[in-house]
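Trainee: Pasting final-v1.pdb here (PDB, C-alpha atoms):
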```
MODEL        1
ATOM      1  CA  MET E   1      97.748  98.288 100.146
ATOM      2  CA  ASP E   2      96.472  94.755  99.524
ATOM      3  CA  GLU E   3      98.939  94.448  96.664
ATOM      4  CA  VAL E   4     101.720  95.745  98.929
ATOM      5  CA  LYS E   5     100.932  92.941 101.382
ATOM      6  CA  ARG E   6     101.078  90.326  98.616
ATOM      7  CA  ARG E   7     104.411  91.638  97.367
ATOM      8  CA  MET E   8     105.804  91.595 100.909
ATOM      9  CA  LEU E   9     104.795  87.918 101.060
ATOM     10  CA  VAL E  10     106.883  87.279  97.931
ATOM     11  CA  ILE E  11     109.886  88.907  99.636
ATOM     12  CA  ASP E  12     109.224  86.780 102.733
ATOM     13  CA  PHE E  13     109.079  83.669 100.537
ATOM     14  CA  PHE E  14     112.503  84.357  99.048
ATOM     15  CA  THR E  15     114.193  85.532 102.257
ATOM     16  CA  SER E  16     112.904  82.551 104.255
ATOM     17  CA  LYS E  17     114.591  80.282 101.687
ATOM     18  CA  ALA E  18     111.222  78.623 101.013
ATOM     19  CA  GLY E  19     111.934  79.216  97.346
ATOM     20  CA  HIS E  20     114.252  80.966  94.951
ATOM     21  CA  ALA E  21     114.523  82.157  91.366
ATOM     22  CA  LEU E  22     117.123  79.472  90.479
ATOM     23  CA  PHE E  23     120.221  81.645  91.003
ATOM     24  CA  LYS E  24     121.209  83.998  93.788
ATOM     25  CA  PRO E  25     121.434  87.074  91.515
ATOM     26  CA  THR E  26     118.003  86.406  89.981
ATOM     27  CA  THR E  27     116.498  85.814  93.418
ATOM     28  CA  LEU E  28     117.940  89.117  94.685
ATOM     29  CA  GLU E  29     116.755  90.891  91.542
ATOM     30  CA  SER E  30     113.276  89.442  92.114
ATOM     31  CA  ILE E  31     113.311  90.852  95.653
ATOM     32  CA  ALA E  32     114.490  94.222  94.295
ATOM     33  CA  LEU E  33     111.594  94.175  91.825
ATOM     34  CA  GLN E  34     109.111  93.591  94.652
ATOM     35  CA  PHE E  35     110.572  96.452  96.713
ATOM     36  CA  ARG E  36     110.454  98.746  93.712
ATOM     37  CA  LYS E  37     106.832  97.863  92.946
ATOM     38  CA  ILE E  38     105.919  98.389  96.626
ATOM     39  CA  LEU E  39     107.456 101.856  96.559
ATOM     40  CA  GLU E  40     105.610 102.654  93.341
ATOM     41  CA  LEU E  41     102.349 101.512  94.961
ATOM     42  CA  VAL E  42     102.979 103.790  97.953
ATOM     43  CA  ALA E  43     103.615 106.705  95.606
ATOM     44  CA  MET E  44     100.547 105.880  93.493
ATOM     45  CA  ALA E  45      98.387 105.657  96.627
ATOM     46  CA  SER E  46      99.517 109.171  97.543
ATOM     47  CA  LEU E  47      98.754 110.291  93.997
ATOM     48  CA  VAL E  48      95.239 108.835  94.183
ATOM     49  CA  ALA E  49      94.620 110.506  97.548
ATOM     50  CA  ASN E  50      95.639 113.870  96.031
ATOM     51  CA  LYS E  51      94.361 113.222  92.482
ATOM     52  CA  HIS E  52      92.384 116.413  91.885
ATOM     53  CA  ALA E  53      95.110 118.792  93.060
ATOM     54  CA  TYR E  54      97.785 116.768  91.246
ATOM     55  CA  ALA E  55      95.747 116.801  88.007
ATOM     56  CA  LYS E  56      95.424 120.579  88.182
ATOM     57  CA  ALA E  57      99.190 120.985  88.529
ATOM     58  CA  TYR E  58     100.214 118.285  86.045
ATOM     59  CA  ALA E  59      97.960 117.857  83.020
ATOM     60  CA  ASP E  60      99.805 114.720  81.902
ATOM     61  CA  PHE E  61      99.672 113.060  85.352
ATOM     62  CA  ALA E  62      98.242 109.809  83.940
ATOM     63  CA  ARG E  63     101.646 109.158  82.326
ATOM     64  CA  HIS E  64     103.660 109.735  85.514
ATOM     65  CA  TRP E  65     105.183 106.501  86.768
ATOM     66  CA  ASN E  66     108.567 107.228  88.362
ATOM     67  CA  ALA E  67     107.918 107.036  92.116
ATOM     68  CA  LYS E  68     110.895 109.226  93.002
ATOM     69  CA  PHE E  69     109.603 112.054  90.830
ATOM     70  CA  LEU E  70     106.023 111.471  91.954
ATOM     71  CA  LEU E  71     107.132 112.029  95.550
ATOM     72  CA  ARG E  72     108.876 115.235  94.567
ATOM     73  CA  ASP E  73     105.833 116.536  92.720
ATOM     74  CA  LEU E  74     103.335 115.435  95.378
ATOM     75  CA  LYS E  75     105.344 117.273  98.023
ATOM     76  CA  LYS E  76     104.916 120.498  96.032
ATOM     77  CA  ILE E  77     101.139 120.038  96.058
ATOM     78  CA  ASN E  78     100.644 118.575  99.532
ATOM     79  CA  PRO E  79     103.655 118.779 101.866
ATOM     80  CA  ASP E  80     101.895 116.276 104.192
ATOM     81  CA  PHE E  81     101.224 113.621 101.523
ATOM     82  CA  TYR E  82     103.685 111.003 102.854
ATOM     83  CA  PRO E  83     102.316 108.270 105.159
ATOM     84  CA  VAL E  84     102.830 108.949 108.871
ATOM     85  CA  PRO E  85     103.296 105.760 110.883
ATOM     86  CA  PHE E  86     101.821 105.668 114.355
ATOM     87  CA  ARG E  87     100.910 103.292 117.126
ATOM     88  CA  GLU E  88      97.568 103.131 118.825
ATOM     89  CA  LEU E  89      97.459 103.409 122.595
ATOM     90  CA  PRO E  90      94.725 103.098 125.205
ATOM     91  CA  PRO E  91      92.748 106.350 125.431
ATOM     92  CA  THR E  92      93.546 108.966 128.061
ATOM     93  CA  LYS E  93      90.381 111.046 127.538
ATOM     94  CA  PRO E  94      86.726 110.070 127.829
ATOM     95  CA  GLY E  95      84.988 109.528 124.502
ATOM     96  CA  VAL E  96      88.253 108.759 122.704
ATOM     97  CA  VAL E  97      88.538 105.219 121.355
ATOM     98  CA  LYS E  98      92.343 105.226 121.005
ATOM     99  CA  ASP E  99      95.184 107.685 121.307
ATOM    100  CA  TRP E 100      97.812 107.927 118.571
ATOM    101  CA  GLU E 101     101.546 108.250 119.030
ATOM    102  CA  ASP E 102     103.601 109.057 115.932
ATOM    103  CA  LEU E 103     106.603 106.816 115.320
ATOM    104  CA  THR E 104     109.744 108.887 115.007
ATOM    105  CA  SER E 105     112.180 106.155 113.985
ATOM    106  CA  GLY E 106     112.392 102.711 112.453
ATOM    107  CA  HIS E 107     110.202 103.481 109.438
ATOM    108  CA  LEU E 108     110.934 104.203 105.800
ATOM    109  CA  THR E 109     111.547 107.940 105.521
ATOM    110  CA  GLN E 110     111.253 109.866 102.267
ATOM    111  CA  ALA E 111     115.062 109.896 102.017
ATOM    112  CA  ASP E 112     115.097 106.108 102.542
ATOM    113  CA  PHE E 113     112.393 105.779  99.897
ATOM    114  CA  VAL E 114     114.544 107.509  97.276
ATOM    115  CA  ARG E 115     117.652 105.540  98.266
ATOM    116  CA  LEU E 116     115.853 102.191  98.069
ATOM    117  CA  TYR E 117     114.065 103.156  94.850
ATOM    118  CA  ASP E 118     117.336 104.084  93.159
ATOM    119  CA  GLY E 119     119.157 101.054  94.586
ATOM    120  CA  CYS E 120     116.503  98.656  93.345
ATOM    121  CA  GLY E 121     116.545 100.344  89.957
ATOM    122  CA  GLY E 122     120.252  99.632  89.724
ATOM    123  CA  MET E 123     119.633  95.957  90.492
ATOM    124  CA  LEU E 124     117.004  95.646  87.763
ATOM    125  CA  HIS E 125     119.101  96.729  84.813
ATOM    126  CA  ALA E 126     121.900  94.884  83.078
ATOM    127  CA  ARG E 127     125.252  96.078  84.335
ATOM    128  CA  ASN E 128     127.228  98.362  82.107
ATOM    129  CA  PRO E 129     130.541  96.515  81.663
ATOM    130  CA  PHE E 130     132.371  99.842  82.030
ATOM    131  CA  GLY E 131     130.472 100.863  85.161
ATOM    132  CA  SER E 132     130.555  99.699  88.758
ATOM    133  CA  PRO E 133     129.722  96.072  89.477
ATOM    134  CA  LEU E 134     126.318  95.286  90.983
ATOM    135  CA  LYS E 135     126.508  95.013  94.755
ATOM    136  CA  TYR E 136     124.437  91.887  95.339
ATOM    137  CA  GLU E 137     125.939  91.126  98.739
ATOM    138  CA  ALA E 138     125.366  94.652 100.051
ATOM    139  CA  PHE E 139     121.758  94.561  98.835
ATOM    140  CA  GLU E 140     121.217  91.129 100.374
ATOM    141  CA  ASN E 141     122.512  92.386 103.728
ATOM    142  CA  GLU E 142     120.033  95.280 103.692
ATOM    143  CA  ILE E 143     116.886  93.337 102.733
ATOM    144  CA  GLY E 144     115.818  92.721 106.334
ATOM    145  CA  SER E 145     116.264  96.367 107.258
ATOM    146  CA  TRP E 146     114.311  97.621 104.229
ATOM    147  CA  HIS E 147     111.560  95.108 104.878
ATOM    148  CA  SER E 148     111.269  96.191 108.516
ATOM    149  CA  LYS E 149     111.201  99.894 107.610
ATOM    150  CA  ILE E 150     108.406  99.382 105.078
ATOM    151  CA  VAL E 151     106.342  97.317 107.520
ATOM    152  CA  THR E 152     106.834  99.936 110.236
ATOM    153  CA  LEU E 153     105.818 102.728 107.848
ATOM    154  CA  LEU E 154     102.671 101.055 106.552
ATOM    155  CA  ASN E 155     101.464  98.779 109.358
ATOM    156  CA  CYS E 156      99.361 101.523 110.921
ATOM    157  CA  HIS E 157      99.601 104.858 109.128
ATOM    158  CA  ARG E 158      97.687 107.955 108.207
ATOM    159  CA  VAL E 159      97.749 110.240 105.201
ATOM    160  CA  GLN E 160      96.722 113.889 105.394
ATOM    161  CA  LEU E 161      94.609 115.125 102.505
ATOM    162  CA  LEU E 162      94.530 118.698 101.295
ATOM    163  CA  ASN E 163      90.916 119.114 102.411
ATOM    164  CA  GLY E 164      91.909 118.357 106.012
ATOM    165  CA  ASN E 165      90.565 114.812 106.046
ATOM    166  CA  LEU E 166      92.728 111.900 107.142
ATOM    167  CA  TYR E 167      92.947 108.402 105.749
ATOM    168  CA  VAL E 168      93.921 105.911 108.436
ATOM    169  CA  ILE E 169      95.127 102.547 107.186
ATOM    170  CA  HIS E 170      95.653  99.336 109.139
ATOM    171  CA  MET E 171      97.463  96.647 107.185
ATOM    172  CA  LYS E 172      96.071  94.106 109.652
ATOM    173  CA  GLU E 173      93.636  94.296 112.534
ATOM    174  CA  GLU E 174      92.885  91.893 115.334
ATOM    175  CA  GLY E 175      90.677  89.177 113.912
ATOM    176  CA  HIS E 176      91.113  90.406 110.322
ATOM    177  CA  ASP E 177      93.920  89.770 107.869
ATOM    178  CA  ASP E 178      92.716  92.185 105.201
ATOM    179  CA  VAL E 179      93.660  95.846 104.915
ATOM    180  CA  ARG E 180      91.242  98.237 106.603
ATOM    181  CA  GLY E 181      90.917 101.942 105.898
ATOM    182  CA  TYR E 182      89.078 104.733 107.674
ATOM    183  CA  ILE E 183      88.346 108.312 106.701
ATOM    184  CA  PHE E 184      88.431 110.932 109.427
ATOM    185  CA  ALA E 185      86.600 113.994 108.122
ATOM    186  CA  ARG E 186      86.680 117.462 109.587
ATOM    187  CA  HIS E 187      83.374 118.715 110.866
ATOM    188  CA  PRO E 188      82.674 122.268 111.891
ATOM    189  CA  MET E 189      82.530 122.712 115.624
ATOM    190  CA  PRO E 190      79.171 123.976 116.854
ATOM    191  CA  LEU E 191      79.300 127.416 118.387
ATOM    192  CA  ALA E 192      78.462 127.353 122.077
TER     193      ALA E 192
ENDMDL
END
```
Let me see whether you can do it: turn the structure in this file into structure tokens.

Mentor:
Amino acid sequence: MDEVKRRMLVIDFFTSKAGHALFKPTTLESIALQFRKILELVAMASLVANKHAYAKAYADFARHWNAKFLLRDLKKINPDFYPVPFRELPPTKPGVVKDWEDLTSGHLTQADFVRLYDGCGGMLHARNPFGSPLKYEAFENEIGSWHSKIVTLLNCHRVQLLNGNLYVIHMKEEGHDDVRGYIFARHPMPLA
């Protein structure tokens, strides 16, 4: 997630016009590369969190790199693998530090993930002269929306593991700029 933050800073650098890659197409392609790498990092993080189950199902998993296909395969192993964005609220029960409320909109969905992944892939390859022209302007108009959806997805999210544990990730916390992660493990309830 630290690398995701750094790549988002590169996108911010280009979109704020603080710098560019000499030409508009190369600048937009550089942004597309960062988005694509971010999506791959999200997929790889899910792979790492489900490594043992994934390795059992796919012996050659160390060679898997296509994030779109990784998502498909991870879903077969752990239907709850995808990050769930949420917001933290003041607690309503004694002994609870914070309540969680799942975000139901504004974040990068799995369908968005595939669409952005494919769209960025199209931007990163030389155009076939007999195919459709690259849609630089359309991509440029969507950068802000994609950026916002990724931030909303990852800012404060959790990932459900197969063993019932949760990883909770904060991309930033009050007083800290670094990524923080927490493991919530299931414990057997004592019998009364």

Trainee: Give me the result of the PyMOL selection byres ((chain E and resi 148-158) around 6) on this file, residue by residue, as a VMD selection string.

Mentor: chain E and resid 83 to 86 106 to 108 145 to 147 159 167 to 171

Trainee: Could you tell me which of E:Ile143, E:Val48, E:Ala43, E:Val179 comes closest to Met1 (chain E) if we count all atoms listed in the file?

Mentor: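 Using all atoms listed in the file, Met1 (chain E) sits closest to E:Val179.
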
Trainee: Nearest to His125 (chain E): which of E:Glu40, E:Leu33, E:Gly175, E:Lys75 is it, counting only C-alpha atoms?

Mentor: E:Leu33

Trainee: For the structure provided, state which residues fall under the PyMOL selection byres ((chain E and resi 27) around 12), and present them as a VMD selection string.

Mentor: chain E and resid 10 to 26 28 to 34 123 to 124 136 139 to 140 143

Trainee: Return as a PyMOL selection string the set of residues that the PyMOL selection byres ((chain E and resi 160) around 10) yields on the displayed structure.

Mentor: chain E and resi 46+49-50+78-84+158-159+161-168+184

Trainee: If we draw a sphere of 12 Å around (107.5, 111.2, 93.2), which residues have at least one atom in it when counting all atoms listed in the file? Please report them as a compact mmCIF listing (two decimals) with C-alpha atoms, keeping the file's coordinate frame.

Mentor:
```txt
# COMPACT_ATOMS: atom_id res chain seq x y z
CA LEU E 39 107.46 101.86 96.56
CA GLU E 40 105.61 102.65 93.34
CA LEU E 41 102.35 101.51 94.96
CA VAL E 42 102.98 103.79 97.95
CA ALA E 43 103.62 106.70 95.61
CA MET E 44 100.55 105.88 93.49
CA ALA E 45 98.39 105.66 96.63
CA SER E 46 99.52 109.17 97.54
CA LEU E 47 98.75 110.29 94.00
CA TYR E 54 97.78 116.77 91.25
CA PHE E 61 99.67 113.06 85.35
CA HIS E 64 103.66 109.74 85.51
CA TRP E 65 105.18 106.50 86.77
CA ASN E 66 108.57 107.23 88.36
CA ALA E 67 107.92 107.04 92.12
CA LYS E 68 110.90 109.23 93.00
CA PHE E 69 109.60 112.05 90.83
CA LEU E 70 106.02 111.47 91.95
CA LEU E 71 107.13 112.03 95.55
CA ARG E 72 108.88 115.24 94.57
CA ASP E 73 105.83 116.54 92.72
CA LEU E 74 103.34 115.44 95.38
CA LYS E 75 105.34 117.27 98.02
CA LYS E 76 104.92 120.50 96.03
CA ILE E 77 101.14 120.04 96.06
CA ASN E 78 100.64 118.58 99.53
CA PHE E 81 101.22 113.62 101.52
CA TYR E 82 103.68 111.00 102.85
CA GLN E 110 111.25 109.87 102.27
CA ALA E 111 115.06 109.90 102.02
CA PHE E 113 112.39 105.78 99.90
CA VAL E 114 114.54 107.51 97.28
CA TYR E 117 114.06 103.16 94.85
```

Trainee: Rounded to one decimal place, report the CA of Asn141 (chain E)-CA of Leu103 (chain E) distance in Å.

Mentor: 24.4 Å

Trainee: Please report the interatomic distance between CA of Glu3 (chain E) and CA of Arg186 (chain E) in Å with one decimal.

Mentor: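 Calculated distance between CA of Glu3 (chain E) and CA of Arg186 (chain E) is 29.1 Å.
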
Trainee: Using only C-alpha atoms, can you tell me which of E:Pro90, E:Cys120, E:His187, E:Ile38 comes closest to Leu9 (chain E)?

Mentor: E:Ile38

Trainee: Between E:Asp112, E:Lys172, E:Val96, E:Thr104, which is the closest to Lys5 (chain E) once you count only C-alpha atoms?

Mentor: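 Selected residue with least distance to Lys5 (chain E): E:Lys172.
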
Trainee: For CA of Glu142 (chain E) and CA of Asp2 (chain E), quote the distance in Å rounded to one decimal.

Mentor: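 Value for the CA of Glu142 (chain E)-CA of Asp2 (chain E) distance: 23.9 Å.
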